[in-house]
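Source file target.txt; content: compact mmCIF, C-alpha atoms.
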```txt
# COMPACT_ATOMS: atom_id res chain seq x y z
CA MET Z 26 -6.42 23.19 21.24
CA ASN Z 27 -6.11 20.18 18.96
CA SER Z 28 -7.14 17.01 20.76
CA LEU Z 29 -3.94 15.31 19.62
CA ILE Z 30 -1.06 17.07 20.98
CA GLN Z 31 -0.26 17.56 24.56
CA THR Z 32 2.86 15.71 25.61
CA ASP Z 33 2.68 14.33 29.13
CA MET Z 34 6.11 15.17 30.48
CA ILE Z 35 5.91 12.81 33.44
CA LEU Z 36 4.98 9.87 31.19
CA ASN Z 37 7.62 10.69 28.60
CA ASN Z 38 10.35 11.11 31.19
CA SER Z 39 9.58 7.74 32.79
CA ILE Z 40 8.93 5.54 29.76
CA PRO Z 41 10.81 2.25 30.24
CA TRP Z 42 11.92 2.02 26.61
CA ARG Z 43 13.55 5.48 26.37
CA ALA Z 44 17.08 4.09 26.60
CA ALA Z 45 16.39 1.51 23.88
CA ILE Z 46 15.21 4.18 21.44
CA ASP Z 47 18.20 6.38 22.28
CA ARG Z 48 20.60 3.50 21.56
CA LEU Z 49 19.00 2.86 18.16
CA LYS Z 50 19.63 6.51 17.17
CA PHE Z 51 16.63 7.01 14.94
CA GLN Z 52 16.84 10.07 12.72
CA LYS Z 53 14.48 12.88 11.77
CA ARG Z 54 14.82 15.13 8.74
CA SER Z 55 14.53 18.85 8.01
CA CYS Z 56 14.82 21.04 4.93
CA THR Z 57 18.07 23.01 4.59
CA THR Z 58 17.53 24.94 1.35
CA PHE Z 59 14.87 27.50 0.54
CA ILE Z 60 13.67 26.64 -2.96
CA PRO Z 61 10.56 28.75 -3.67
CA LYS Z 62 7.45 27.30 -5.23
CA GLU Z 63 6.54 28.49 -8.70
CA THR Z 64 3.07 29.39 -7.45
CA ASP Z 65 4.20 31.06 -4.21
CA LYS Z 66 7.66 32.60 -4.10
CA GLU Z 67 7.37 33.17 -0.34
CA CYS Z 68 6.99 29.45 0.40
CA CYS Z 69 9.56 26.68 0.03
CA VAL Z 70 8.72 23.54 -1.91
CA CYS Z 71 8.96 21.62 1.38
CA ASN Z 72 6.02 23.70 2.72
CA TYR Z 73 7.82 24.60 5.92
CA ILE Z 74 8.41 28.25 6.81
CA HIS Z 75 12.07 29.26 6.39
CA PRO Z 76 13.74 32.20 8.15
CA LYS Z 77 13.63 35.42 6.13
CA SER Z 78 17.43 35.39 6.13
CA ASP Z 79 17.50 32.23 3.98
CA VAL Z 80 18.59 33.01 0.43
CA PRO Z 81 16.21 31.60 -2.23
CA HIS Z 82 17.68 29.02 -4.64
CA ALA Z 83 15.21 29.53 -7.44
CA ASN Z 84 17.12 27.58 -10.09
CA GLU Z 85 17.32 24.31 -8.16
CA VAL Z 86 14.91 21.39 -8.13
CA TRP Z 87 14.12 20.35 -4.56
CA SER Z 88 14.95 16.79 -3.55
CA CYS Z 89 14.88 15.02 -0.23
CA LYS Z 90 18.41 13.66 -0.62
CA MET Z 91 20.02 16.94 -1.67
CA HIS Z 92 18.14 19.57 0.31
CA THR Z 93 17.50 18.05 3.74
CA LYS Z 94 19.61 17.06 6.70
CA GLN Z 95 19.27 14.26 9.21
CA GLU Z 96 19.66 14.52 12.97
CA VAL Z 97 18.89 12.22 15.88
CA THR Z 98 15.19 12.27 16.65
CA ASP Z 99 13.94 13.51 20.00
CA CYS Z 100 10.31 12.92 19.02
CA TYR Z 101 9.11 9.76 20.72
CA GLY Z 102 7.12 8.97 23.82
CA ILE Z 103 3.50 8.52 24.83
CA LEU Z 104 0.63 10.44 23.26
CA HIS Z 105 -1.04 12.15 26.20
CA GLN Z 106 -4.67 11.55 25.34
CA SER Z 107 -4.36 8.06 23.90
CA THR Z 108 -1.56 6.66 26.13
CA SER Z 109 -0.14 5.02 22.99
CA PRO Z 110 3.56 5.05 22.06
CA TYR Z 111 4.81 7.07 19.10
CA LEU Z 112 8.08 7.49 17.20
CA ARG Z 113 9.18 9.97 14.55
CA CYS Z 114 11.75 8.47 12.19
CA ASP Z 115 13.45 9.28 8.91
CA VAL Z 116 11.85 8.09 5.67
CA GLU Z 117 15.04 6.09 4.97
CA THR Z 118 15.02 4.31 8.34
CA ASP Z 119 16.06 0.66 8.30
CA LEU Z 120 12.71 -1.13 8.38
CA GLU Z 121 14.19 -4.01 10.37
CA GLN Z 122 14.91 -1.51 13.13
CA LEU Z 123 11.28 -0.42 13.12
CA CYS Z 124 10.18 -4.05 13.33
CA PHE Z 125 12.46 -4.42 16.33
CA VAL Z 126 10.82 -1.41 17.98
CA LEU Z 127 7.37 -2.96 17.62
CA LEU Z 128 8.34 -6.47 18.71
CA GLY Z 129 11.35 -5.96 20.95
CA VAL Z 130 10.94 -2.49 22.45
CA TRP Z 131 7.19 -1.94 22.59
CA GLY Z 132 6.64 -5.64 23.30
CA MET Z 133 3.94 -6.35 20.73
CA ALA Z 134 2.98 -9.98 20.14
CA ILE Z 135 3.78 -11.58 16.78
CA PRO Z 136 0.63 -11.18 14.66
CA GLY Z 137 -1.34 -14.03 13.16
CA LEU Z 138 -2.59 -11.71 10.42
CA ILE Z 139 -1.47 -8.35 9.02
CA MET Z 140 -4.08 -6.11 7.45
CA ARG Z 141 -2.86 -3.08 5.51
CA MET Z 142 -5.92 -0.85 5.21
CA ILE Z 143 -6.10 1.84 2.54
CA GLY Z 144 -9.04 4.16 2.04
CA ASP Z 145 -9.76 7.51 0.48
CA ILE Z 146 -9.70 10.90 2.18
CA ASP Z 147 -12.52 12.17 -0.04
CA THR Z 148 -14.77 9.10 0.00
CA THR Z 149 -17.20 8.00 2.71
CA PRO Z 150 -18.73 4.50 2.60
CA ASN Z 151 -22.50 4.20 2.87
CA ILE Z 152 -23.96 3.11 6.20
CA LYS Z 153 -24.58 -0.50 5.16
CA ILE Z 154 -21.04 -1.01 3.87
CA GLU Z 155 -19.64 0.73 6.95
CA LYS Z 156 -21.47 -1.59 9.37
CA GLU Z 157 -20.52 -4.70 7.42
CA LEU Z 158 -16.91 -3.59 7.19
CA LEU Z 159 -16.73 -2.77 10.90
CA GLN Z 160 -17.99 -6.23 11.80
CA SER Z 161 -15.69 -7.97 9.31
CA ILE Z 162 -12.62 -6.11 10.52
CA SER Z 163 -13.49 -6.80 14.14
CA ASP Z 164 -14.13 -10.51 13.59
CA ALA Z 165 -10.92 -11.03 11.60
CA ALA Z 166 -8.77 -9.04 14.02
CA VAL Z 167 -10.04 -10.74 17.16
CA ALA Z 168 -9.77 -14.23 15.65
CA SER Z 169 -6.17 -13.86 14.48
CA ASP Z 170 -4.29 -11.51 16.84
CA ALA Z 171 -4.06 -9.14 13.90
CA TRP Z 172 -2.04 -6.02 13.28
CA ILE Z 173 -4.18 -3.52 11.38
CA ILE Z 174 -2.09 -0.83 9.70
CA THR Z 175 -3.53 2.48 8.45
CA ASN Z 176 -2.10 5.98 7.97
CA GLY Z 177 -3.87 7.13 11.14
CA TYR Z 178 -5.37 10.24 9.54
CA LYS Z 179 -8.72 10.92 11.16
CA GLU Z 180 -10.07 12.44 7.96
CA GLU Z 181 -9.63 9.16 6.09
CA SER Z 182 -12.66 6.92 6.40
CA ILE Z 183 -10.76 3.65 6.86
CA SER Z 184 -8.61 5.03 9.70
CA GLU Z 185 -11.72 6.26 11.47
CA LEU Z 186 -13.42 2.87 10.98
CA VAL Z 187 -10.43 1.02 12.41
CA GLY Z 188 -10.36 3.43 15.34
CA GLU Z 189 -14.03 2.73 15.94
CA VAL Z 190 -13.39 -1.02 15.88
CA MET Z 191 -10.64 -0.63 18.47
CA TYR Z 192 -12.75 1.65 20.66
CA ASN Z 193 -15.75 -0.69 20.58
CA CYS Z 194 -13.60 -3.71 21.43
CA GLN Z 195 -12.01 -1.86 24.34
CA MET Z 196 -15.43 -0.92 25.67
CA ASN Z 197 -16.73 -4.48 25.38
CA ASN Z 198 -13.63 -6.40 26.38
CA SER Z 199 -10.74 -5.06 28.44
CA HIS Z 200 -8.39 -7.71 27.00
CA ILE Z 201 -7.61 -6.76 23.40
CA ASN Z 202 -5.49 -9.23 21.45
CA PHE Z 203 -4.98 -7.17 18.28
CA SER Z 204 -3.32 -3.86 17.44
CA ALA Z 205 -4.10 -0.87 15.24
CA ILE Z 206 -0.86 0.74 14.06
CA ALA Z 207 -0.84 4.19 12.45
CA VAL Z 208 1.99 4.71 9.93
CA GLY Z 209 1.69 8.24 8.56
CA LYS Z 210 3.79 11.17 7.38
CA TRP Z 211 5.10 13.34 10.22
CA GLY Z 212 4.63 16.63 8.39
CA ASN Z 213 0.99 15.85 7.60
CA ILE Z 214 -0.06 15.60 11.26
CA HIS Z 215 -1.79 18.73 12.53
CA ASN Z 216 0.25 20.49 15.23
CA CYS Z 217 2.96 17.82 15.12
CA HIS Z 218 5.48 20.45 16.26
CA LYS Z 219 3.92 20.35 19.72
CA LEU Z 220 5.31 16.85 20.15
CA GLU Z 221 8.79 18.33 19.80
CA GLN Z 222 8.28 20.90 22.54
CA ARG Z 223 9.09 18.95 25.68
CA ASN Z 224 9.82 21.92 27.96
CA HIS Z 225 6.58 22.98 29.65
CA ASN Z 226 8.23 26.22 30.78
CA THR Z 227 8.27 27.30 27.15
CA PRO Z 228 4.89 28.41 25.81
CA LEU Z 229 3.54 26.40 22.89
CA THR Z 230 3.50 28.40 19.69
CA ILE Z 231 1.36 27.90 16.63
CA GLN Z 232 3.46 27.43 13.50
CA LYS Z 233 2.29 27.61 9.93
CA GLY Z 234 2.55 24.62 7.67
CA HIS Z 235 2.29 21.92 10.28
CA GLY Z 236 -0.09 19.33 9.01
CA ARG Z 237 -3.51 19.10 7.48
CA TYR Z 238 -4.72 15.91 9.18
CA LYS Z 239 -5.71 15.21 12.76
CA LEU Z 240 -4.73 11.89 14.28
CA GLU Z 241 -7.24 9.14 14.91
CA LEU Z 242 -6.50 8.59 18.60
CA ASN Z 243 -7.83 5.06 19.12
CA HIS Z 244 -4.89 3.37 17.40
CA THR Z 245 -2.49 1.54 19.69
CA GLU Z 246 0.90 2.50 18.18
CA TYR Z 247 2.08 5.37 15.98
CA ILE Z 248 5.02 5.50 13.55
CA PHE Z 249 5.60 8.87 11.88
CA PHE Z 250 8.00 8.85 8.91
CA ASP Z 251 9.72 12.12 8.01
CA ASP Z 252 10.95 13.23 4.57
CA GLY Z 253 11.52 16.88 5.49
CA THR Z 254 8.24 18.11 4.01
CA CYS Z 255 4.82 18.92 5.40
CA ASP Z 256 1.34 18.99 3.89
CA SER Z 257 2.63 16.83 1.04
CA LEU Z 258 1.34 13.71 -0.68
CA ASP Z 259 1.46 10.49 1.33
CA THR Z 260 1.46 7.75 -1.29
CA GLY Z 261 1.39 4.99 1.32
CA GLU Z 262 4.64 3.53 -0.05
CA PHE Z 263 6.51 3.72 3.25
CA ALA Z 264 3.71 1.98 5.15
CA SER Z 265 3.33 -0.72 2.50
CA ASN Z 266 7.07 -1.43 2.46
CA PHE Z 267 6.97 -1.60 6.24
CA VAL Z 268 4.15 -4.15 6.09
CA ARG Z 269 6.18 -6.31 3.70
CA GLN Z 270 9.13 -6.18 6.07
CA ILE Z 271 6.96 -7.16 9.03
CA SER Z 272 5.33 -10.04 7.19
CA SER Z 273 8.61 -11.48 5.92
CA GLY Z 274 10.34 -11.08 9.27
CA ALA Z 275 7.60 -11.98 11.72
CA ARG Z 276 5.80 -14.83 9.99
CA GLY Z 277 7.24 -16.61 7.00
CA ASP Z 278 3.88 -18.17 6.14
CA LEU Z 279 2.10 -14.83 5.71
CA THR Z 280 2.96 -13.55 2.25
CA PRO Z 281 2.89 -9.98 0.87
CA GLY Z 282 0.54 -11.20 -1.88
CA PHE Z 283 -2.18 -11.86 0.68
CA ILE Z 284 -1.79 -8.38 2.08
CA LEU Z 285 -1.93 -6.75 -1.35
CA LEU Z 286 -5.11 -8.65 -2.16
CA LEU Z 287 -6.69 -7.26 0.98
CA ILE Z 288 -5.66 -3.74 -0.03
CA HIS Z 289 -7.42 -4.14 -3.36
CA THR Z 290 -10.56 -5.56 -1.77
CA ILE Z 291 -10.91 -2.83 0.84
CA TYR Z 292 -10.17 -0.06 -1.63
CA CYS Z 293 -12.67 -1.29 -4.19
CA SER Z 294 -15.44 -1.51 -1.59
CA PHE Z 295 -15.39 2.28 -1.33
CA LYS Z 296 -15.48 3.02 -5.05
```

Could the structure of this file be written out as structure tokens, please?
Amino acid sequence: MNSLIQTDMILNNSIPWRAAIDRLKFQKRSCTTFIPKETDKECCVCNYIHPKSDVPHANEVWSCKMHTKQEVTDCYGILHQSTSPYLRCDVETDLEQLCFVLLGVWGMAIPGLIMRMIGDIDTTPNIKIEKELLQSISDAAVASDAWIITNGYKEESISELVGEVMYNCQMNNSHINFSAIAVGKWGNIHNCHKLEQRNHNTPLTIQKGHGRYKLELNHTEYIFFDDGTCDSLDTGEFASNFVRQISSGARGDLTPGFILLLIHTIYCSFK
């Protein structure tokens, strides 16, 4: 079984912030129209499996706004194996609400530095760069009460490096003053559907089309944005917009330009 997804029912039923999330009425999104791919007429453009009774709409161009529906999310709680909080939300969620979840609901401290880390799924840094980067990230994060934001995909080198930084710091010092926040696409997380299945009396079932990436489990918080698709491109736009919202709302003296410069520096170090 994937190391990610077992939902601890006792933890999730007793989480102190359940009522706050329910009041905020976050949404999730699902595809409503079966529009077959040109390359695979049995599969919808959204990559989810539709019931065989769904009539194909072959002459339409799939869009998130036109061919999905929103409903109140029931996907939030504590990841069983990491004891970190998670939330599934719609891709059009008010970013101020998400900031409130981090600061007001999950009780995170205002950061002294925000680091938006972008890597490459297909690129692995050499050992020397990896060690230098690990030390640099650790030093900067510890010195500034940082929030480090990645997509949380274990297969991406930068997410794994950040997870290693967090793990090492936890092993060496029980008091950690920085956070590693995963902001990734819900439908790209392997076996994400198991987070929806809260009734332990119902056997877990394997479903096709549920995510290509495993989660890096050493992050401290997880935000999953949902556009009604799975196994689709994550451009990082949602996470980057979220970072801008955090930086403008949490600390007026920390500008988006600084964050974008860091993105460019980290990305180029892997080229």

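Pairwise distance (atom CA of Arg237 of chain Z, atom CA of Glu180 of chain Z) equals 9.4 Å.
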
Next on the checklist: For a test of reading the model, state the distance in Å between atom CA of Tyr247 of chain Z and atom CA of Ala207 of chain Z, rounded to one decimal.
Outcome noted: 4.7 Å

Item to check | Selected residue of minimal separation from Lys239 of chain Z among Z:Asn266, Z:Ser273, Z:Asn213, Z:Thr58, counting only C-alpha atoms | outcome: Z:Asn213

Quick one: which segment 70-117 of chain Z residues come within 7 Å of segment 42-56 of chain Z, and what is the nearest atom pair for each with the distance in Å to one decimal, counting only C-alpha atoms, rows ordered by chain and ascending number, as CSV?
```
residue,atom,partner,partner_atom,distance
Z:Cys71,CA,Z:Cys56,CA,6.9
Z:His92,CA,Z:Cys56,CA,5.9
Z:Thr93,CA,Z:Cys56,CA,4.2
Z:Lys94,CA,Z:Ser55,CA,5.5
Z:Gln95,CA,Z:Arg54,CA,4.6
Z:Glu96,CA,Z:Gln52,CA,5.3
Z:Val97,CA,Z:Gln52,CA,4.3
Z:Thr98,CA,Z:Gln52,CA,4.8
Z:Arg113,CA,Z:Lys53,CA,6.7
Z:Cys114,CA,Z:Lys53,CA,5.2
Z:Asp115,CA,Z:Lys53,CA,4.7
```

Keeping C-alpha atoms for every residue in the selection just given, could you write it to a file as a PDB file, in the frame of the given file?
```
ATOM      1  CA  CYS Z  71       8.960  21.620   1.380  1.00  0.00           C
ATOM      2  CA  HIS Z  92      18.140  19.570   0.310  1.00  0.00           C
ATOM      3  CA  THR Z  93      17.500  18.050   3.740  1.00  0.00           C
ATOM      4  CA  LYS Z  94      19.610  17.060   6.700  1.00  0.00           C
ATOM      5  CA  GLN Z  95      19.270  14.260   9.210  1.00  0.00           C
ATOM      6  CA  GLU Z  96      19.660  14.520  12.970  1.00  0.00           C
ATOM      7  CA  VAL Z  97      18.890  12.220  15.880  1.00  0.00           C
ATOM      8  CA  THR Z  98      15.190  12.270  16.650  1.00  0.00           C
ATOM      9  CA  ARG Z 113       9.180   9.970  14.550  1.00  0.00           C
ATOM     10  CA  CYS Z 114      11.750   8.470  12.190  1.00  0.00           C
ATOM     11  CA  ASP Z 115      13.450   9.280   8.910  1.00  0.00           C
TER      12      ASP Z 115
END
```

Write out as a Markdown table the residues of segment 133-208 of chain Z that have any atom within 10 Å of an atom of segment 254-263 of chain Z, one row each with the nearest atom pair and its distance in Å to one decimal, counting all atoms listed in the file, sorted by chain and then rising number.
```
| residue | atom | partner | partner_atom | distance |
| --- | --- | --- | --- | --- |
| Z:Ile143 | CA | Z:Gly261 | CA | 8.2 |
| Z:Thr175 | CA | Z:Gly261 | CA | 9.0 |
| Z:Asn176 | CA | Z:Gly261 | CA | 7.6 |
| Z:Val208 | CA | Z:Phe263 | CA | 8.1 |
```

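Closest to Gly144 of chain Z among Z:Ser169, Z:Ser78, Z:Asn197, Z:Ser184 is Z:Ser184, based on only C-alpha atoms.
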
Box centre and edge lengths (Å, one decimal), axis-aligned, segment 255-259 of chain Z plus 8 Å each side, as AutoDock Vina command-line options:
```
--center_x 3.1 --center_y 14.7 --center_z 2.4 --size_x 19.5 --size_y 24.5 --size_z 22.1
```

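In this comparison, which uses all atoms listed in the file, the residue of Z:Val116, Z:Ile135, Z:Val126, Z:Ala205 approaching Ile162 of chain Z most closely is Z:Ala205.
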
Item to check | Distance of atom CA of Phe249 of chain Z from atom CA of Ser39 of chain Z, expressed in Å to one decimal place | outcome: 21.3 Å

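For the choices Z:Leu186, Z:Val268, Z:Leu127, Z:Leu240, the atom-to-atom distance to Lys210 of chain Z is smallest for Z:Leu240 when using only C-alpha atoms.
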
Next on the checklist: Just checking: using all atoms listed in the file, which residue out of Z:Gly177, Z:Pro81, Z:Gly188, Z:Gly129 ends up closest to Lys62 of chain Z?
Outcome noted: Z:Pro81

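Closest to Ile139 of chain Z among Z:Asp164, Z:Asp170, Z:Asp99, Z:Glu121 is Z:Asp170, based on only C-alpha atoms.
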